[in-house]
$ cat final-v6.cif   # mmCIF, C-alpha atoms and all ligand atoms
data_start
loop_
_atom_site.label_atom_id
_atom_site.label_comp_id
_atom_site.auth_asym_id
_atom_site.auth_seq_id
_atom_site.Cartn_x
_atom_site.Cartn_y
_atom_site.Cartn_z
CA MET A 20 -74.12 103.57 21.50
CA THR A 21 -71.98 100.45 21.39
CA LEU A 22 -68.82 100.18 19.27
CA LYS A 23 -70.69 97.80 16.96
CA GLU A 24 -73.04 100.61 15.97
CA LEU A 25 -70.31 103.09 15.00
CA GLY A 26 -69.18 103.80 11.46
CA THR A 27 -65.51 103.15 10.73
CA PRO A 28 -62.75 104.12 10.65
CA ALA A 29 -63.39 106.15 13.79
CA ALA A 30 -61.07 107.82 16.29
CA LEU A 31 -61.86 106.65 19.83
CA VAL A 32 -60.79 108.42 23.00
CA ASP A 33 -61.18 106.41 26.18
CA LEU A 34 -61.97 109.03 28.80
CA ASP A 35 -60.77 107.18 31.90
CA THR A 36 -57.41 106.29 30.35
CA LEU A 37 -56.94 109.81 28.99
CA GLU A 38 -57.67 111.34 32.39
CA ARG A 39 -55.32 108.92 34.15
CA ASN A 40 -52.49 109.73 31.71
CA CYS A 41 -53.06 113.47 32.25
CA VAL A 42 -53.23 113.23 36.04
CA ARG A 43 -49.98 111.24 36.11
CA MET A 44 -48.06 113.81 34.05
CA ASN A 45 -49.45 116.65 36.17
CA GLU A 46 -48.29 114.82 39.29
CA ARG A 47 -44.85 114.15 37.82
CA ALA A 48 -44.42 117.83 37.00
CA ARG A 49 -45.59 118.90 40.45
CA ARG A 50 -43.33 116.36 42.18
CA LEU A 51 -40.26 117.53 40.26
CA GLY A 52 -41.02 121.25 40.71
CA VAL A 53 -41.65 122.23 37.09
CA THR A 54 -44.71 123.69 35.42
CA LEU A 55 -46.39 121.74 32.65
CA ARG A 56 -47.15 123.36 29.30
CA PRO A 57 -48.78 120.48 27.39
CA HIS A 58 -48.31 120.28 23.63
CA VAL A 59 -51.73 120.09 21.98
CA LYS A 60 -50.57 119.06 18.52
CA THR A 61 -51.16 115.45 19.63
CA HIS A 62 -54.96 115.85 19.82
CA LYS A 63 -55.88 119.39 18.62
CA CYS A 64 -58.92 119.23 20.87
CA VAL A 65 -60.14 121.90 23.29
CA GLU A 66 -61.88 119.42 25.63
CA ILE A 67 -58.66 117.42 25.98
CA ALA A 68 -56.62 120.58 26.59
CA ARG A 69 -59.06 121.44 29.41
CA ILE A 70 -58.46 118.03 31.00
CA GLN A 71 -54.69 118.48 30.66
CA THR A 72 -54.81 121.89 32.32
CA ARG A 73 -57.09 121.15 35.28
CA GLY A 74 -55.76 122.91 38.36
CA HIS A 75 -53.17 124.56 36.14
CA SER A 76 -52.39 127.95 34.57
CA GLY A 77 -53.80 126.91 31.18
CA ALA A 78 -50.49 127.46 29.38
CA LEU A 79 -50.19 125.35 26.23
CA THR A 80 -47.77 124.57 23.43
CA VAL A 81 -48.87 124.60 19.77
CA SER A 82 -47.12 123.64 16.55
CA THR A 83 -48.99 125.72 13.93
CA MET A 84 -50.59 129.12 13.71
CA ALA A 85 -53.88 127.36 12.96
CA GLU A 86 -53.64 125.69 16.40
CA ALA A 87 -52.62 129.02 18.00
CA ARG A 88 -55.67 130.73 16.49
CA ALA A 89 -58.06 127.95 17.52
CA PHE A 90 -56.84 127.56 21.10
CA ALA A 91 -56.71 131.33 21.60
CA ALA A 92 -60.32 131.51 20.39
CA ALA A 93 -61.19 128.86 22.99
CA GLY A 94 -59.79 131.07 25.76
CA PHE A 95 -56.23 129.74 26.14
CA ASN A 96 -54.21 132.94 26.22
CA ASP A 97 -50.71 131.74 27.07
CA LEU A 98 -49.31 129.76 24.13
CA THR A 99 -45.86 128.80 22.90
CA TYR A 100 -45.59 128.31 19.14
CA ALA A 101 -42.85 125.69 19.32
CA VAL A 102 -41.22 125.81 15.91
CA PRO A 103 -38.69 128.41 14.76
CA VAL A 104 -41.09 131.13 13.63
CA PRO A 105 -41.79 131.11 9.89
CA PHE A 106 -41.65 134.73 8.71
CA HIS A 107 -45.07 134.56 7.04
CA ALA A 108 -46.62 133.83 10.48
CA ILE A 109 -45.31 137.02 12.07
CA PRO A 110 -48.19 139.35 11.08
CA GLU A 111 -50.77 136.95 12.50
CA ALA A 112 -48.67 136.39 15.62
CA ALA A 113 -48.67 140.18 16.04
CA ASP A 114 -52.47 140.28 15.68
CA LEU A 115 -52.90 137.62 18.39
CA LEU A 116 -50.50 139.44 20.67
CA ALA A 117 -52.27 142.76 20.09
CA ARG A 118 -55.57 141.08 21.05
CA GLY A 119 -54.13 139.87 24.37
CA THR A 120 -52.86 136.34 23.70
CA ARG A 121 -49.33 135.85 24.96
CA LEU A 122 -47.91 133.92 22.02
CA ASN A 123 -44.31 132.98 22.74
CA LEU A 124 -42.26 132.61 19.56
CA LEU A 125 -39.04 130.69 18.96
CA LEU A 126 -35.97 131.70 17.06
CA ASP A 127 -32.48 130.35 16.57
CA SER A 128 -30.94 132.84 14.12
CA GLU A 129 -29.99 136.47 13.78
CA GLY A 130 -32.07 136.65 10.61
CA ALA A 131 -35.23 135.79 12.56
CA LEU A 132 -34.29 138.23 15.31
CA ARG A 133 -33.99 141.05 12.75
CA GLU A 134 -37.29 140.09 11.10
CA LEU A 135 -39.14 140.04 14.46
CA GLU A 136 -37.56 143.30 15.57
CA ALA A 137 -38.68 145.00 12.37
CA ALA A 138 -42.23 143.68 12.79
CA GLY A 139 -42.30 144.63 16.48
CA SER A 140 -41.09 148.13 15.68
CA ALA A 141 -43.64 148.56 12.86
CA ARG A 142 -46.51 147.36 15.07
CA GLY A 143 -45.37 148.91 18.33
CA LEU A 144 -45.26 145.46 19.98
CA ARG A 145 -42.80 143.41 21.99
CA PHE A 146 -42.87 139.78 20.90
CA PRO A 147 -42.23 137.29 23.71
CA VAL A 148 -39.42 135.10 22.38
CA PHE A 149 -37.54 131.95 23.41
CA LEU A 150 -34.10 131.09 22.11
CA LYS A 151 -34.33 127.56 20.72
CA VAL A 152 -31.44 125.37 21.86
CA ASP A 153 -30.19 122.09 20.42
CA CYS A 154 -29.73 119.58 23.26
CA GLY A 155 -28.71 116.72 20.96
CA TYR A 156 -31.64 116.11 18.61
CA HIS A 157 -29.99 118.23 15.88
CA ARG A 158 -33.28 119.27 14.30
CA ALA A 159 -33.23 122.96 15.21
CA GLY A 160 -31.70 125.26 17.78
CA VAL A 161 -28.43 126.95 18.58
CA ASP A 162 -25.43 125.01 19.83
CA PRO A 163 -25.10 125.89 23.54
CA GLU A 164 -21.33 125.36 23.33
CA ARG A 165 -20.79 128.14 20.80
CA GLU A 166 -20.05 131.72 21.83
CA GLU A 167 -22.34 133.01 19.03
CA SER A 168 -25.27 131.47 20.95
CA VAL A 169 -24.49 133.65 23.98
CA GLY A 170 -24.26 136.64 21.64
CA LEU A 171 -27.68 135.87 20.16
CA ALA A 172 -29.23 135.57 23.63
CA ARG A 173 -27.62 138.87 24.60
CA ALA A 174 -29.04 140.56 21.50
CA LEU A 175 -32.47 139.10 22.26
CA ALA A 176 -32.41 140.30 25.84
CA ALA A 177 -31.28 143.78 24.77
CA SER A 178 -33.92 144.22 22.06
CA LEU A 179 -36.57 146.91 22.52
CA HIS A 180 -39.09 144.98 20.46
CA LEU A 181 -38.60 141.53 21.94
CA GLU A 182 -39.21 140.21 25.43
CA PHE A 183 -36.65 137.49 26.14
CA ARG A 184 -38.63 134.65 27.78
CA GLY A 185 -35.72 132.24 28.11
CA ILE A 186 -34.36 129.12 26.46
CA LEU A 187 -36.26 126.13 25.07
CA THR A 188 -35.29 122.71 23.77
CA HIS A 189 -36.91 119.42 22.65
CA SER A 190 -35.23 116.07 23.30
CA GLY A 191 -36.57 114.26 20.23
CA GLN A 192 -33.54 111.98 20.40
CA ALA A 193 -35.32 110.22 23.28
CA TYR A 194 -37.36 108.47 20.58
CA ARG A 195 -34.22 106.51 19.63
CA CYS A 196 -34.07 104.95 23.11
CA ALA A 197 -34.81 101.29 23.68
CA GLY A 198 -36.19 101.61 27.20
CA ALA A 199 -36.85 103.81 30.21
CA GLU A 200 -33.26 103.66 31.50
CA GLU A 201 -31.94 105.11 28.23
CA ALA A 202 -34.70 107.74 28.22
CA LEU A 203 -33.66 108.69 31.76
CA ALA A 204 -30.11 109.29 30.49
CA VAL A 205 -31.48 111.49 27.65
CA ALA A 206 -33.62 113.46 30.11
CA GLU A 207 -30.66 113.97 32.41
CA HIS A 208 -28.48 115.12 29.49
CA GLU A 209 -31.21 117.52 28.34
CA ARG A 210 -31.57 118.91 31.86
CA ALA A 211 -27.82 119.30 32.33
CA VAL A 212 -27.30 121.00 28.94
CA MET A 213 -30.13 123.46 29.58
CA ALA A 214 -29.23 124.20 33.20
CA ALA A 215 -25.59 124.80 32.24
CA PHE A 216 -26.49 127.05 29.30
CA ALA A 217 -28.89 129.08 31.47
CA GLU A 218 -26.10 129.55 34.04
CA LYS A 219 -23.64 130.57 31.32
CA LEU A 220 -26.10 133.21 30.07
CA ARG A 221 -26.75 134.47 33.59
CA SER A 222 -23.00 134.81 34.18
CA ALA A 223 -22.87 136.83 30.96
CA GLY A 224 -25.46 139.19 32.45
CA VAL A 225 -28.50 137.84 30.58
CA ARG A 226 -31.66 137.31 32.63
CA VAL A 227 -33.18 133.89 31.81
CA PRO A 228 -36.70 133.67 33.25
CA GLU A 229 -37.69 130.30 31.75
CA VAL A 230 -35.88 127.08 30.89
CA SER A 231 -38.26 124.88 28.90
CA ALA A 232 -37.59 121.23 27.98
CA GLY A 233 -38.99 117.77 27.66
CA SER A 234 -40.34 115.23 25.18
CA THR A 235 -42.80 112.57 26.35
CA PRO A 236 -40.18 109.77 26.76
CA ALA A 237 -37.88 112.16 28.66
CA CYS A 238 -40.72 113.47 30.86
CA CYS A 239 -41.90 109.94 31.70
CA ALA A 240 -38.38 108.88 32.67
CA ALA A 241 -36.98 112.04 34.34
CA ARG A 242 -36.30 111.98 38.07
CA ASP A 243 -34.86 115.48 38.34
CA TRP A 244 -35.50 118.70 36.46
CA SER A 245 -33.24 121.00 38.53
CA GLY A 246 -32.45 124.10 36.49
CA VAL A 247 -35.51 123.58 34.26
CA THR A 248 -38.69 125.59 34.90
CA GLU A 249 -41.25 124.00 32.56
CA ILE A 250 -41.81 120.82 30.55
CA ARG A 251 -43.79 120.51 27.30
CA PRO A 252 -44.73 116.88 26.59
CA GLY A 253 -47.81 116.29 24.43
CA ASN A 254 -48.00 112.69 23.33
CA TYR A 255 -48.51 111.47 26.93
CA ALA A 256 -52.23 112.31 26.80
CA PHE A 257 -52.76 109.46 24.31
CA PHE A 258 -49.47 107.58 24.27
CA ASP A 259 -49.19 104.99 21.47
CA ALA A 260 -47.50 101.73 20.46
CA PHE A 261 -44.17 103.54 20.00
CA GLN A 262 -44.21 105.00 23.52
CA ALA A 263 -45.06 101.60 24.99
CA ALA A 264 -42.14 100.05 23.06
CA VAL A 265 -39.63 102.64 24.31
CA GLY A 266 -40.83 102.27 27.91
CA SER A 267 -42.75 105.56 28.40
CA CYS A 268 -45.98 103.73 29.33
CA ALA A 269 -47.73 100.39 29.50
CA LEU A 270 -49.60 99.31 26.37
CA GLU A 271 -52.90 99.71 28.23
CA ASP A 272 -52.16 103.42 28.77
CA ALA A 273 -52.10 103.74 24.98
CA LEU A 274 -55.76 102.69 24.82
CA ALA A 275 -56.50 106.38 25.47
CA PHE A 276 -56.56 106.75 21.68
CA THR A 277 -57.42 103.93 19.27
CA VAL A 278 -58.77 103.66 15.76
CA LEU A 279 -61.89 101.57 15.37
CA ALA A 280 -61.98 99.56 12.13
CA THR A 281 -64.18 96.94 10.49
CA VAL A 282 -62.97 93.60 9.13
CA ILE A 283 -63.82 93.81 5.42
CA GLY A 284 -61.96 90.85 3.93
CA HIS A 285 -60.90 87.28 4.84
CA TYR A 286 -58.11 85.56 2.87
CA PRO A 287 -57.33 82.41 4.86
CA GLU A 288 -55.47 80.85 1.89
CA ARG A 289 -52.75 83.47 2.36
CA GLY A 290 -53.21 84.03 6.11
CA ALA A 291 -54.48 87.59 5.77
CA LEU A 292 -57.45 89.73 6.58
CA LEU A 293 -58.36 93.24 5.54
CA LEU A 294 -59.52 96.30 7.53
CA ASP A 295 -61.15 99.52 6.40
CA ALA A 296 -58.45 101.56 8.16
CA GLY A 297 -55.47 102.56 6.04
CA ALA A 298 -52.80 105.24 6.08
CA LEU A 299 -55.45 107.98 6.28
CA ALA A 300 -56.61 106.58 9.60
CA LEU A 301 -53.36 105.32 11.10
CA SER A 302 -50.53 107.17 9.29
CA LYS A 303 -47.57 105.20 8.03
CA ASP A 304 -45.28 105.65 10.98
CA PRO A 305 -43.11 102.49 11.00
CA GLY A 306 -43.04 102.38 14.81
CA ALA A 307 -40.20 101.52 17.17
CA THR A 308 -38.43 99.19 14.74
CA HIS A 309 -35.19 99.68 16.69
CA VAL A 310 -36.88 97.83 19.57
CA ASP A 311 -38.87 95.31 17.53
CA ALA A 312 -38.13 95.07 13.81
CA ARG A 313 -41.42 93.21 13.28
CA CYS A 314 -43.64 95.59 15.26
CA GLY A 315 -45.91 96.25 12.28
CA LEU A 316 -47.95 99.40 11.66
CA GLY A 317 -49.97 99.35 14.87
CA VAL A 318 -51.23 96.91 17.51
CA LEU A 319 -54.47 95.10 16.69
CA CYS A 320 -56.86 94.76 19.65
CA ASP A 321 -60.36 93.44 20.14
CA GLU A 322 -63.29 95.71 21.02
CA PRO A 323 -62.51 95.84 24.76
CA GLY A 324 -58.90 96.74 23.86
CA ARG A 325 -57.10 93.43 24.42
CA PRO A 326 -54.20 92.90 21.99
CA ILE A 327 -54.83 89.96 19.62
CA PRO A 328 -51.70 87.79 19.59
CA GLY A 329 -50.88 86.22 16.21
CA THR A 330 -51.86 89.31 14.20
CA ARG A 331 -49.56 91.82 12.55
CA LEU A 332 -50.56 94.94 10.62
CA THR A 333 -48.24 94.50 7.66
CA SER A 334 -49.17 97.20 5.17
CA LEU A 335 -51.43 100.18 4.70
CA SER A 336 -52.73 101.73 1.55
CA GLN A 337 -54.88 104.84 1.59
CA GLU A 338 -58.03 103.21 2.99
CA HIS A 339 -57.04 99.53 3.43
CA GLY A 340 -55.10 97.88 6.20
CA ARG A 341 -53.65 94.41 5.65
CA VAL A 342 -53.27 92.10 8.63
CA ALA A 343 -51.17 88.93 8.61
CA VAL A 344 -52.87 86.23 10.69
CA SER A 345 -50.68 83.42 11.96
CA ASP A 346 -53.43 81.28 13.53
CA PRO A 347 -56.41 80.18 11.33
CA SER A 348 -58.73 80.16 14.36
CA LEU A 349 -58.42 83.95 14.47
CA PHE A 350 -60.71 84.29 11.44
CA ALA A 351 -63.58 83.01 13.58
CA ARG A 352 -62.62 85.47 16.35
CA MET A 353 -62.71 88.34 13.81
CA PRO A 354 -65.58 87.51 11.42
CA LEU A 355 -66.39 89.71 8.44
CA GLY A 356 -68.14 92.85 9.65
CA SER A 357 -66.70 92.63 13.16
CA LYS A 358 -64.91 95.55 14.77
CA VAL A 359 -61.33 95.79 15.98
CA ARG A 360 -59.37 98.58 17.63
CA ILE A 361 -55.86 99.56 16.59
CA ILE A 362 -53.32 101.26 18.83
CA PRO A 363 -51.41 103.33 16.27
CA ASN A 364 -47.65 103.57 16.21
CA HIS A 365 -47.84 107.35 16.41
CA SER A 366 -51.03 108.74 17.91
CA CYS A 367 -50.27 112.37 16.95
CA LEU A 368 -50.15 111.52 13.25
CA ALA A 369 -53.12 109.14 13.40
CA ALA A 370 -55.30 111.57 15.35
CA ALA A 371 -54.54 114.28 12.77
CA CYS A 372 -56.38 112.11 10.21
CA PHE A 373 -59.71 112.76 11.97
CA GLY A 374 -61.96 115.77 12.48
CA SER A 375 -63.58 114.41 15.65
CA TYR A 376 -63.24 111.83 18.38
CA VAL A 377 -65.84 109.42 19.70
CA VAL A 378 -65.55 109.60 23.48
CA LEU A 379 -65.73 106.22 25.25
CA LYS A 380 -66.94 105.85 28.79
CA ASP A 381 -67.02 102.28 30.17
CA GLY A 382 -66.63 100.92 26.64
CA ARG A 383 -69.64 102.79 25.23
CA ALA A 384 -69.70 105.82 22.95
CA ASP A 385 -70.66 108.69 25.20
CA GLY A 386 -70.15 111.86 23.15
CA LYS A 387 -68.16 113.48 20.41
CA TRP A 388 -65.35 116.01 20.57
CA ASP A 389 -64.27 117.96 17.50
CA THR A 390 -60.70 118.74 16.63
CA VAL A 391 -59.72 122.33 15.92
CA GLY A 392 -56.90 124.13 14.18
CA ARG A 393 -56.45 121.60 11.37
CA ARG A 394 -54.88 123.09 8.28
C1 LIG B 1 -40.71 121.66 20.16
C2 LIG B 1 -41.53 120.54 20.72
N1 LIG B 1 -41.92 120.60 21.99
C3 LIG B 1 -42.64 119.60 22.56
C4 LIG B 1 -43.02 118.49 21.82
C5 LIG B 1 -43.82 117.40 22.49
O1 LIG B 1 -43.07 116.23 22.61
P1 LIG B 1 -43.74 114.79 22.57
O2 LIG B 1 -44.34 114.64 21.20
O3 LIG B 1 -42.59 113.85 22.78
O4 LIG B 1 -44.76 114.73 23.63
C6 LIG B 1 -42.64 118.40 20.49
C7 LIG B 1 -42.99 117.25 19.68
O5 LIG B 1 -42.58 117.06 18.56
C8 LIG B 1 -41.88 119.45 19.91
O6 LIG B 1 -41.48 119.41 18.65
#
$ encode --input "final-v6.cif" --output "structure tokens"
Amino acid sequence: MTLKELGTPAALVDLDTLERNCVRMNERARRLGVTLRPHVKTHKCVEIARIQTRGHSGALTVSTMAEARAFAAAGFNDLTYAVPVPFHAIPEAADLLARGTRLNLLLDSEGALRELEAAGSARGLRFPVFLKVDCGYHRAGVDPEREESVGLARALAASLHLEFRGILTHSGQAYRCAGAEEALAVAEHERAVMAAFAEKLRSAGVRVPEVSAGSTPACCAARDWSGVTEIRPGNYAFFDAFQAAVGSCALEDALAFTVLATVIGHYPERGALLLDAGALALSKDPGATHVDARCGLGVLCDEPGRPIPGTRLTSLSQEHGRVAVSDPSLFARMPLGSKVRIIPNHSCLAAACFGSYVVLKDGRADGKWDTVGRR
């Protein structure tokens, strides 16, 4: 099938670009001596997780219990549920563990430790647990400078009902960077904070098997992960307009995931055209406005994936996307009924709008992959 024959909006995955992005991250991890535990929240797709884990242990990161359930059912039995564990998820986490899926949980409080210990004792289980550490993002995690954090790690390691897996962080602050050099500094800070905290715990007599780190910008920029044992990027499989703007990838790498849309309105008198892709196809992520205040809500490309200069996606309602057109000749290039592709600002949020992907091989639709584990 050609793109012209597809209904829109549609989520497109370009197989060659996806595979190239995955191979590169695998090679980066291997070169720097860390294992890769890809985050699957970006795509929620078993086929893509298989590509990401070729020649690899199959360990994955998930962000919801629905993803944990779905990827466990697909045979992935080493998962890290990478949010501080919500208490209501503990019984299901125990069920998965009892059925043989290693589901690593995260905590950053004594309250969660007590809750997990009680559940582990009641079920006769030992939950594998990471201590979540704040390396500067300030979203979650213990402060590695505080003595209480060492105390919590000690309590974790001493617990009969928990298996202390190590320490884990996420450098989300790398998304505030304006380029690869800044992301390199964030990655180095993340590495240094985690390596130092692991050493502090070891000197306090706590065994720290794993040190887990890494956002996509940090993992693309890092040149050294000494002291870190695994990285957990996820967005790199698709990349997006944001990652290209902050220097994680070239814009063409972000063609791994695009949204196909149809031109449904021409308004030359006000220099605008309309697409049938709105916020429920692209999300409303504003993009890397700290790099380019006028970046718009995604990058408009033609069918082969070439950006169309002179266009700007200015606003999205639920199912409409408005495009400002600076050059009147562009209306002839994008006639009513024609198809365009949009590189979203945030591929994870845009992909979550769809239940399946159309797989592209050499520019033609060559299959369909379903997403799993959607709420
Ligand atoms: C805890 C955690 N680990 C890993 C990731 C993956 O990072 P990225 O989206 O930059 O690839 C995320 C993303 O939000 C995360 O929250």
$ residues_near_point --input "final-v6.cif" --point "(-20.9, 138.2, 26.1)" --cutoff "7 Å" --atoms "all atoms listed in the file" --output "PyMOL selection string"
chain A and resi 169-170+173+223
$ closest_atom_pairs --input "final-v6.cif" --of "chain A" --to "ligand LIG 1 (chain B)" --cutoff "9 Å" --atoms "all atoms listed in the file" --output "CSV"
residue,atom,partner,partner_atom,distance
A:Arg56,CA,B:LIG1,C3,8.9
A:Pro57,CA,B:LIG1,C5,7.6
A:His58,CA,B:LIG1,C5,5.5
A:Val59,CA,B:LIG1,C5,8.4
A:Lys60,CA,B:LIG1,C7,7.9
A:Thr61,CA,B:LIG1,O2,7.0
A:Thr80,CA,B:LIG1,C3,7.2
A:Val81,CA,B:LIG1,N1,8.3
A:Ser82,CA,B:LIG1,O6,7.4
A:Tyr100,CA,B:LIG1,C1,8.3
A:Ala101,CA,B:LIG1,C1,4.6
A:Val102,CA,B:LIG1,C1,6.0
A:Pro103,CA,B:LIG1,C1,8.9
A:Lys151,CA,B:LIG1,C1,8.7
A:Leu187,CA,B:LIG1,C1,8.0
A:Thr188,CA,B:LIG1,C1,6.6
A:His189,CA,B:LIG1,C1,5.1
A:Ser190,CA,B:LIG1,O3,7.7
A:Gly191,CA,B:LIG1,O3,6.6
A:Ala193,CA,B:LIG1,O3,8.1
A:Tyr194,CA,B:LIG1,O3,7.8
A:Ser231,CA,B:LIG1,N1,8.9
A:Ala232,CA,B:LIG1,N1,7.4
A:Gly233,CA,B:LIG1,C3,6.5
A:Ser234,CA,B:LIG1,O3,3.6
A:Thr235,CA,B:LIG1,O3,3.8
A:Pro236,CA,B:LIG1,O3,6.2
A:Ala237,CA,B:LIG1,O3,7.7
A:Cys238,CA,B:LIG1,O3,8.3
A:Ile250,CA,B:LIG1,C3,8.1
A:Arg251,CA,B:LIG1,C3,5.0
A:Pro252,CA,B:LIG1,O4,3.7
A:Gly253,CA,B:LIG1,O4,3.5
A:Asn254,CA,B:LIG1,O4,3.8
A:Tyr255,CA,B:LIG1,O4,6.0
A:Ala256,CA,B:LIG1,O4,8.5
A:Phe258,CA,B:LIG1,O4,8.6
A:Cys367,CA,B:LIG1,O2,7.6
$ closest_residue --input "final-v6.cif" --among "A:Thr277, A:Ser345, A:Thr83, A:Ser178" --to "Arg289 in chain A" --atoms "all atoms listed in the file"
A:Ser345
$ closest_residue --input "final-v6.cif" --among "A:Gly77, A:Gly284, A:Gly374, A:Gly317" --to "Met353 in chain A" --atoms "all atoms listed in the file"
A:Gly284
$ closest_residue --input "final-v6.cif" --among "A:Gly52, A:Pro287, A:Gly297, A:Gly26" --to "Cys372 in chain A" --atoms "only C-alpha atoms"
A:Gly297
$ residues_near_point --input "final-v6.cif" --point "(-52.7, 100.2, 17.0)" --cutoff "8 Å" --atoms "all atoms listed in the file" --output "number ranges by chain"
A: 259-260, 277-278, 301, 316-320, 360-364
$ write_last_selection --input "final-v6.cif" --atoms "C-alpha atoms" --output "short mmCIF file (atom, residue, chain, number, x, y, z; two decimals), keeping the file's coordinate frame"
data_model
loop_
_atom_site.label_atom_id
_atom_site.label_comp_id
_atom_site.auth_asym_id
_atom_site.auth_seq_id
_atom_site.Cartn_x
_atom_site.Cartn_y
_atom_site.Cartn_z
CA ASP A 259 -49.19 104.99 21.47
CA ALA A 260 -47.50 101.73 20.46
CA THR A 277 -57.42 103.93 19.27
CA VAL A 278 -58.77 103.66 15.76
CA LEU A 301 -53.36 105.32 11.10
CA LEU A 316 -47.95 99.40 11.66
CA GLY A 317 -49.97 99.35 14.87
CA VAL A 318 -51.23 96.91 17.51
CA LEU A 319 -54.47 95.10 16.69
CA CYS A 320 -56.86 94.76 19.65
CA ARG A 360 -59.37 98.58 17.63
CA ILE A 361 -55.86 99.56 16.59
CA ILE A 362 -53.32 101.26 18.83
CA PRO A 363 -51.41 103.33 16.27
CA ASN A 364 -47.65 103.57 16.21
#
$ residues_around --input "final-v6.cif" --residues "Gly392 in chain A" --least-positions-apart "2" --cutoff "7 Å" --atoms "only C-alpha atoms" --output "list in words"
Lys63, Ala85, Glu86, Ala89 and Arg394 of chain A
$ write_last_selection --input "final-v6.cif" --atoms "C-alpha atoms" --output "tab-separated table (two decimals), in the frame of the given file"
chain	number	residue	atom	x	y	z
A	63	LYS	CA	-55.88	119.39	18.62
A	85	ALA	CA	-53.88	127.36	12.96
A	86	GLU	CA	-53.64	125.69	16.40
A	89	ALA	CA	-58.06	127.95	17.52
A	394	ARG	CA	-54.88	123.09	8.28
$ residues_around --input "final-v6.cif" --residues "Leu55 in chain A" --least-positions-apart "2" --cutoff "9 Å" --atoms "all atoms listed in the file" --output "list in words"
Met44, Asn45, Ala48, Arg49, Val53, Pro57, Thr72, His75, Ser76, Ala78, Leu79, Thr248, Glu249, Ile250, Arg251 and Pro252 of chain A
$ residues_around --input "final-v6.cif" --residues "Gln192 in chain A" --least-positions-apart "5" --cutoff "9 Å" --atoms "all atoms listed in the file" --output "ChimeraX atom specification"
/A:154-157,202,205,234
$ atom_distance --input "final-v6.cif" --atom1 "CA of Leu335 in chain A" --atom2 "CA of Asp304 in chain A"
10.4 Å
$ axis_aligned_box --input "final-v6.cif" --around "range 385-392 of chain A" --padding-each-side "3 Å" --output "AutoDock Vina command-line options"
--center_x -63.8 --center_y 116.4 --center_z 19.7 --size_x 19.8 --size_y 21.4 --size_z 17.0
$ atom_distance --input "final-v6.cif" --atom1 "CA of Leu171 in chain A" --atom2 "CA of Leu132 in chain A"
8.5 Å
$ closest_atom_pairs --input "final-v6.cif" --of "range 171-228 of chain A" --to "range 134-145 of chain A" --cutoff "10 Å" --atoms "all atoms listed in the file" --output "tab-separated table"
residue	atom	partner	partner_atom	distance
A:Leu175	CA	A:Glu136	CA	9.4
A:Ser178	CA	A:Glu136	CA	7.5
A:Leu179	CA	A:Arg145	CA	7.2
A:His180	CA	A:Arg145	CA	4.3
A:Leu181	CA	A:Arg145	CA	4.6
A:Glu182	CA	A:Arg145	CA	5.9
A:Phe183	CA	A:Arg145	CA	9.5
$ write_last_selection --input "final-v6.cif" --atoms "C-alpha atoms" --output "PDB file, in the coordinates of the input"
ATOM      1  CA  LEU A 175     -32.470 139.100  22.260  1.00  0.00           C
ATOM      2  CA  SER A 178     -33.920 144.220  22.060  1.00  0.00           C
ATOM      3  CA  LEU A 179     -36.570 146.910  22.520  1.00  0.00           C
ATOM      4  CA  HIS A 180     -39.090 144.980  20.460  1.00  0.00           C
ATOM      5  CA  LEU A 181     -38.600 141.530  21.940  1.00  0.00           C
ATOM      6  CA  GLU A 182     -39.210 140.210  25.430  1.00  0.00           C
ATOM      7  CA  PHE A 183     -36.650 137.490  26.140  1.00  0.00           C
TER       8      PHE A 183
END
$ atom_distance --input "final-v6.cif" --atom1 "CA of Asp153 in chain A" --atom2 "CA of Ala172 in chain A"
13.9 Å
$ closest_residue --input "final-v6.cif" --among "A:Leu31, A:Ala214, A:Leu203, A:Leu115" --to "Ser375 in chain A" --atoms "all atoms listed in the file"
A:Leu31
$ residues_around --input "final-v6.cif" --residues "Val342 in chain A" --least-positions-apart "3" --cutoff "6 Å" --atoms "only C-alpha atoms" --output "PyMOL selection string"
chain A and resi 291-292+331-333
$ residues_around --input "final-v6.cif" --residues "Glu38 in chain A" --least-positions-apart "6" --cutoff "10 Å" --atoms "all atoms listed in the file" --output "ChimeraX atom specification"
/A:67,70-71,256-257,275
$ write_last_selection --input "final-v6.cif" --atoms "C-alpha atoms" --output "PDB file, in the frame of the given file"
ATOM      1  CA  ILE A  67     -58.660 117.420  25.980  1.00  0.00           C
ATOM      2  CA  ILE A  70     -58.460 118.030  31.000  1.00  0.00           C
ATOM      3  CA  GLN A  71     -54.690 118.480  30.660  1.00  0.00           C
ATOM      4  CA  ALA A 256     -52.230 112.310  26.800  1.00  0.00           C
ATOM      5  CA  PHE A 257     -52.760 109.460  24.310  1.00  0.00           C
ATOM      6  CA  ALA A 275     -56.500 106.380  25.470  1.00  0.00           C
TER       7      ALA A 275
END
$ closest_residue --input "final-v6.cif" --among "A:Tyr286, A:Phe261, A:Phe149, A:Phe216" --to "Asn123 in chain A" --atoms "only C-alpha atoms"
A:Phe149
